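*Asks:* My structure is below; once you've seen it, I'll send some questions.
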Amino acid sequence: MTNAGVHEKGTFNAQDAINNIKKDPNYSKAGAIALFIGVVRGETFKNEKVEKLTIEAYEEKANQVLTKISDDLSQKPGIVNVQIHHLLGEFNVGDDLVYVAVAGSHRTDVFPVLREAVERYKSEAPVFKKESIIDKKGSPSEYWVSEKEGHSH
């Protein structure tokens with residue numbers, strides 16, 4: 001069972017993240033699971049049309065960073081398990097990109113940690129996004145996007 005990491009598209013889904021949590025030996029302490037799913041939005045922050053998205057990662061480092069965030073946040077009071085899984089490959093609009101799941105004793109425990117997990121993976125994980133877009137004049141182009149520039153999902 002892995003708590004975090006990157007996966008080729010099609011090899012991991014939201015149910016897998018939840019199943020991982022349910023395998024945790026401390027799962028009986030959980031009273032809530034909160035799940036965040038990041039998906040491919042159909043337009044950029046400039047309102048350009050997104051055709052597809054390509055996600056790549058420095059995989060070894062990404063696995064280490066995502067595991068560290070997951071382990072850090074799992075230590076918080078009332079938290080049982082934190083899962084962070086990012087998909088890699090080519091994606092269409094509406095496809096799932098990332099799953100973050102947090103199990104804790106109470107619903108009040110899980111929401112702040114879910115948010116922190118999402119903010120941290122976006123700022124810390126070496127995951128790279130290339131948008132293939134159609135601009136307002138109808139011309140196609142592709143460019144790499146940095147999460148740190150504020151183009152957040």
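Every chain in the structure tokens takes a letter, A first, then B, and so on in the order presented; its residues are numbered from 1, and the ligands are numbered from 1 following the presented order.
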Neighbours of Ser132 in chain A within 12 Å (only C-alpha atoms; same-chain residues fewer than 3 positions away dropped), as JSON, numbers by chain?
*Replies:* {"A": [40, 41, 42, 43, 44, 48, 49, 50, 51, 52, 53, 54, 55, 90, 91, 92, 93, 129, 135, 139, 140, 141, 142, 143, 144, 145]}
*Asks:* For range 62-74 of chain A, list every protein, DNA or RNA residue within 10 Å, evaluated using only C-alpha atoms, and leave out those in the same chain fewer than 5 positions away; present the list as a ChimeraX atom specification.
*Replies:* /A:2-7,57,79-86,100-104,113-114,116-118,120-121,124-127
*Asks:* Could you save those same residues with C-alpha atoms as an mmCIF file, in the first residue's frame?
*Replies:*
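Result file follows (again.cif):
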data_model
loop_
_atom_site.group_PDB
_atom_site.id
_atom_site.type_symbol
_atom_site.label_atom_id
_atom_site.label_comp_id
_atom_site.auth_asym_id
_atom_site.auth_seq_id
_atom_site.Cartn_x
_atom_site.Cartn_y
_atom_site.Cartn_z
ATOM 1 C CA THR A 2 1.381 3.372 -0.983
ATOM 2 C CA ASN A 3 0.114 6.553 0.659
ATOM 3 C CA ALA A 4 1.335 8.833 -2.083
ATOM 4 C CA GLY A 5 3.007 9.049 -5.455
ATOM 5 C CA VAL A 6 2.652 9.522 -9.179
ATOM 6 C CA HIS A 7 0.916 6.994 -11.428
ATOM 7 C CA ALA A 57 6.991 14.596 -13.240
ATOM 8 C CA ILE A 79 -5.849 12.297 11.436
ATOM 9 C CA VAL A 80 -5.664 8.597 10.555
ATOM 10 C CA ASN A 81 -4.342 8.585 6.970
ATOM 11 C CA VAL A 82 -3.472 11.017 4.168
ATOM 12 C CA GLN A 83 -3.257 9.945 0.509
ATOM 13 C CA ILE A 84 -1.870 12.098 -2.325
ATOM 14 C CA HIS A 85 -1.801 10.568 -5.809
ATOM 15 C CA HIS A 86 -1.022 12.491 -9.008
ATOM 16 C CA VAL A 100 -6.078 13.741 -2.238
ATOM 17 C CA ALA A 101 -7.901 11.850 0.506
ATOM 18 C CA VAL A 102 -7.787 12.411 4.251
ATOM 19 C CA ALA A 103 -9.271 10.134 6.892
ATOM 20 C CA GLY A 104 -9.718 11.360 10.422
ATOM 21 C CA VAL A 113 -5.789 18.926 6.480
ATOM 22 C CA LEU A 114 -7.294 18.190 3.053
ATOM 23 C CA GLU A 116 -3.251 21.884 3.432
ATOM 24 C CA ALA A 117 -2.394 18.693 1.519
ATOM 25 C CA VAL A 118 -3.688 20.210 -1.741
ATOM 26 C CA ARG A 120 1.391 21.695 -0.354
ATOM 27 C CA TYR A 121 1.442 19.265 -3.278
ATOM 28 C CA GLU A 124 6.205 21.401 -3.458
ATOM 29 C CA ALA A 125 5.868 18.477 -5.886
ATOM 30 C CA PRO A 126 7.968 18.507 -9.098
ATOM 31 C CA VAL A 127 4.984 17.882 -11.368
#
*Asks:* Can you measure CA of Phe36 in chain A to CA of Pro112 in chain A for me? One decimal in Å is fine.
*Replies:* 12.0 Å
*Asks:* Take CA of Ala30 in chain A and CA of His106 in chain A and report the distance between them in Å, one decimal.
*Replies:*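 Value for the CA of Ala30 in chain A-CA of His106 in chain A distance: 7.2 Å.
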*Asks:* Run DSSP on the backbone and tell me which residues of chain A come out as strand (DSSP E or B); list them as JSON, numbers by chain.
*Replies:* {"A": [4, 5, 6, 7, 8, 32, 33, 34, 35, 36, 37, 38, 39, 43, 49, 50, 51, 52, 53, 54, 55, 56, 57, 79, 80, 81, 82, 83, 84, 85, 86, 87, 88, 89, 90, 91, 92, 96, 97, 98, 99, 100, 101, 102, 103, 104, 127, 128, 129, 130, 131, 132, 133, 134, 140, 141, 142, 143, 144, 145]}
*Asks:* Smallest atom-to-atom distance to Ile33 in chain A: which of A:Arg107, A:Lys122, A:Lys46, A:Lys76, using only C-alpha atoms?
*Replies:*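 Going through A:Arg107, A:Lys122, A:Lys46, A:Lys76 one by one, the smallest distance to Ile33 in chain A is for A:Arg107.
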*Asks:* Restricting the calculation to only C-alpha atoms: of A:Gly78, A:Lys9, A:Thr108, A:Gly94, which residue gets closest to Asn26 in chain A?
*Replies:*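 Between A:Gly78, A:Lys9, A:Thr108, A:Gly94, the residue approaching Asn26 in chain A most closely is A:Gly78.
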*Asks:* May I ask which of the residues A:Ile133, A:Pro77, A:Ser105, A:Asp16 is the closest one to Ser28 in chain A, counting only C-alpha atoms?
*Replies:*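 Of the candidates, the smallest distance to Ser28 in chain A is held by A:Ser105.
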*Asks:* Would you please extract all helix (DSSP H, G or I) residues from chain A, as assigned by DSSP on the backbone, and give them as a ChimeraX atom specification?
*Replies:* /A:14-22,27-29,59-74,107-124,147-149
*Asks:* Mind writing the picked residues with N, CA and C atoms as a short mmCIF file (atom, residue, chain, number, x, y, z; two decimals), in the first residue's frame?
*Replies:*
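Okay, this is what ended up in again.cif:
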data_model
loop_
_atom_site.label_atom_id
_atom_site.label_comp_id
_atom_site.auth_asym_id
_atom_site.auth_seq_id
_atom_site.Cartn_x
_atom_site.Cartn_y
_atom_site.Cartn_z
N ALA A 14 -9.78 7.16 -7.93
CA ALA A 14 -10.24 7.65 -6.63
C ALA A 14 -10.57 6.50 -5.68
N GLN A 15 -11.16 5.45 -6.22
CA GLN A 15 -11.51 4.31 -5.37
C GLN A 15 -10.26 3.64 -4.82
N ASP A 16 -9.18 3.62 -5.60
CA ASP A 16 -7.92 3.05 -5.11
C ASP A 16 -7.41 3.82 -3.89
N ALA A 17 -7.51 5.15 -3.94
CA ALA A 17 -7.06 5.98 -2.81
C ALA A 17 -7.89 5.65 -1.57
N ILE A 18 -9.19 5.53 -1.75
CA ILE A 18 -10.08 5.20 -0.61
C ILE A 18 -9.79 3.79 -0.10
N ASN A 19 -9.59 2.86 -1.02
CA ASN A 19 -9.26 1.48 -0.61
C ASN A 19 -7.97 1.44 0.20
N ASN A 20 -6.97 2.25 -0.20
CA ASN A 20 -5.72 2.33 0.54
C ASN A 20 -5.97 2.76 1.98
N ILE A 21 -6.81 3.77 2.14
CA ILE A 21 -7.14 4.26 3.48
C ILE A 21 -7.79 3.14 4.30
N LYS A 22 -8.68 2.41 3.67
CA LYS A 22 -9.43 1.37 4.41
C LYS A 22 -8.54 0.21 4.82
N TYR A 27 -7.67 2.27 10.63
CA TYR A 27 -8.87 2.77 9.97
C TYR A 27 -10.09 2.78 10.88
N SER A 28 -10.14 1.89 11.86
CA SER A 28 -11.31 1.85 12.75
C SER A 28 -11.46 3.14 13.56
N LYS A 29 -10.39 3.95 13.64
CA LYS A 29 -10.47 5.23 14.36
C LYS A 29 -11.10 6.33 13.52
N GLU A 59 9.85 11.77 -11.44
CA GLU A 59 9.06 10.78 -10.70
C GLU A 59 9.63 10.41 -9.35
N GLU A 60 10.92 10.13 -9.29
CA GLU A 60 11.50 9.69 -8.02
C GLU A 60 11.34 10.77 -6.96
N LYS A 61 11.65 12.01 -7.35
CA LYS A 61 11.54 13.14 -6.42
C LYS A 61 10.07 13.40 -6.07
N ALA A 62 9.20 13.33 -7.07
CA ALA A 62 7.77 13.55 -6.82
C ALA A 62 7.24 12.54 -5.82
N ASN A 63 7.63 11.28 -5.98
CA ASN A 63 7.19 10.24 -5.03
C ASN A 63 7.68 10.56 -3.62
N GLN A 64 8.93 11.02 -3.50
CA GLN A 64 9.47 11.36 -2.18
C GLN A 64 8.71 12.53 -1.56
N VAL A 65 8.49 13.58 -2.35
CA VAL A 65 7.83 14.79 -1.85
C VAL A 65 6.39 14.49 -1.44
N LEU A 66 5.66 13.78 -2.30
CA LEU A 66 4.26 13.47 -1.99
C LEU A 66 4.16 12.57 -0.75
N THR A 67 5.09 11.63 -0.62
CA THR A 67 5.10 10.75 0.55
C THR A 67 5.40 11.55 1.81
N LYS A 68 6.33 12.50 1.71
CA LYS A 68 6.68 13.31 2.88
C LYS A 68 5.49 14.16 3.34
N ILE A 69 4.80 14.79 2.39
CA ILE A 69 3.63 15.60 2.75
C ILE A 69 2.59 14.71 3.42
N SER A 70 2.34 13.55 2.82
CA SER A 70 1.37 12.60 3.35
C SER A 70 1.75 12.16 4.77
N ASP A 71 3.03 11.83 4.96
CA ASP A 71 3.50 11.39 6.29
C ASP A 71 3.40 12.53 7.31
N ASP A 72 3.82 13.74 6.92
CA ASP A 72 3.75 14.90 7.82
C ASP A 72 2.32 15.11 8.31
N LEU A 73 1.40 15.15 7.35
CA LEU A 73 0.02 15.50 7.70
C LEU A 73 -0.69 14.37 8.44
N SER A 74 -0.22 13.14 8.23
CA SER A 74 -0.81 11.99 8.94
C SER A 74 -0.55 12.07 10.45
N ARG A 107 -15.23 14.95 11.09
CA ARG A 107 -15.23 15.78 9.89
C ARG A 107 -14.46 17.08 10.12
N THR A 108 -14.49 17.61 11.33
CA THR A 108 -13.78 18.87 11.62
C THR A 108 -12.27 18.68 11.54
N ASP A 109 -11.77 17.46 11.70
CA ASP A 109 -10.33 17.19 11.59
C ASP A 109 -9.88 17.15 10.13
N VAL A 110 -10.72 16.63 9.25
CA VAL A 110 -10.24 16.29 7.91
C VAL A 110 -10.20 17.46 6.93
N PHE A 111 -11.14 18.41 7.04
CA PHE A 111 -11.21 19.47 6.02
C PHE A 111 -9.98 20.37 5.99
N PRO A 112 -9.50 20.88 7.14
CA PRO A 112 -8.31 21.73 7.09
C PRO A 112 -7.07 20.98 6.58
N VAL A 113 -6.94 19.71 6.92
CA VAL A 113 -5.79 18.93 6.48
C VAL A 113 -5.89 18.63 4.98
N LEU A 114 -7.10 18.40 4.49
CA LEU A 114 -7.29 18.19 3.05
C LEU A 114 -6.82 19.43 2.29
N ARG A 115 -7.23 20.59 2.76
CA ARG A 115 -6.82 21.83 2.09
C ARG A 115 -5.30 22.00 2.13
N GLU A 116 -4.71 21.75 3.29
CA GLU A 116 -3.25 21.88 3.43
C GLU A 116 -2.52 20.91 2.51
N ALA A 117 -3.02 19.70 2.40
CA ALA A 117 -2.39 18.69 1.52
C ALA A 117 -2.42 19.17 0.07
N VAL A 118 -3.56 19.73 -0.36
CA VAL A 118 -3.69 20.21 -1.74
C VAL A 118 -2.73 21.38 -1.99
N GLU A 119 -2.71 22.35 -1.07
CA GLU A 119 -1.83 23.52 -1.25
C GLU A 119 -0.37 23.07 -1.27
N ARG A 120 -0.01 22.13 -0.42
CA ARG A 120 1.39 21.69 -0.35
C ARG A 120 1.82 20.92 -1.59
N TYR A 121 0.99 20.02 -2.10
CA TYR A 121 1.44 19.26 -3.28
C TYR A 121 1.61 20.23 -4.45
N LYS A 122 0.72 21.23 -4.54
CA LYS A 122 0.81 22.18 -5.65
C LYS A 122 2.09 22.99 -5.60
N SER A 123 2.53 23.34 -4.40
CA SER A 123 3.72 24.19 -4.30
C SER A 123 5.03 23.40 -4.20
N GLU A 124 4.97 22.14 -3.76
CA GLU A 124 6.20 21.40 -3.46
C GLU A 124 6.55 20.28 -4.44
N GLU A 147 2.46 25.83 -11.59
CA GLU A 147 1.45 26.00 -10.55
C GLU A 147 1.78 27.23 -9.71
N LYS A 148 3.08 27.51 -9.58
CA LYS A 148 3.52 28.60 -8.70
C LYS A 148 3.16 29.97 -9.24
N GLU A 149 2.80 30.05 -10.52
CA GLU A 149 2.42 31.33 -11.09
C GLU A 149 0.98 31.69 -10.78
#
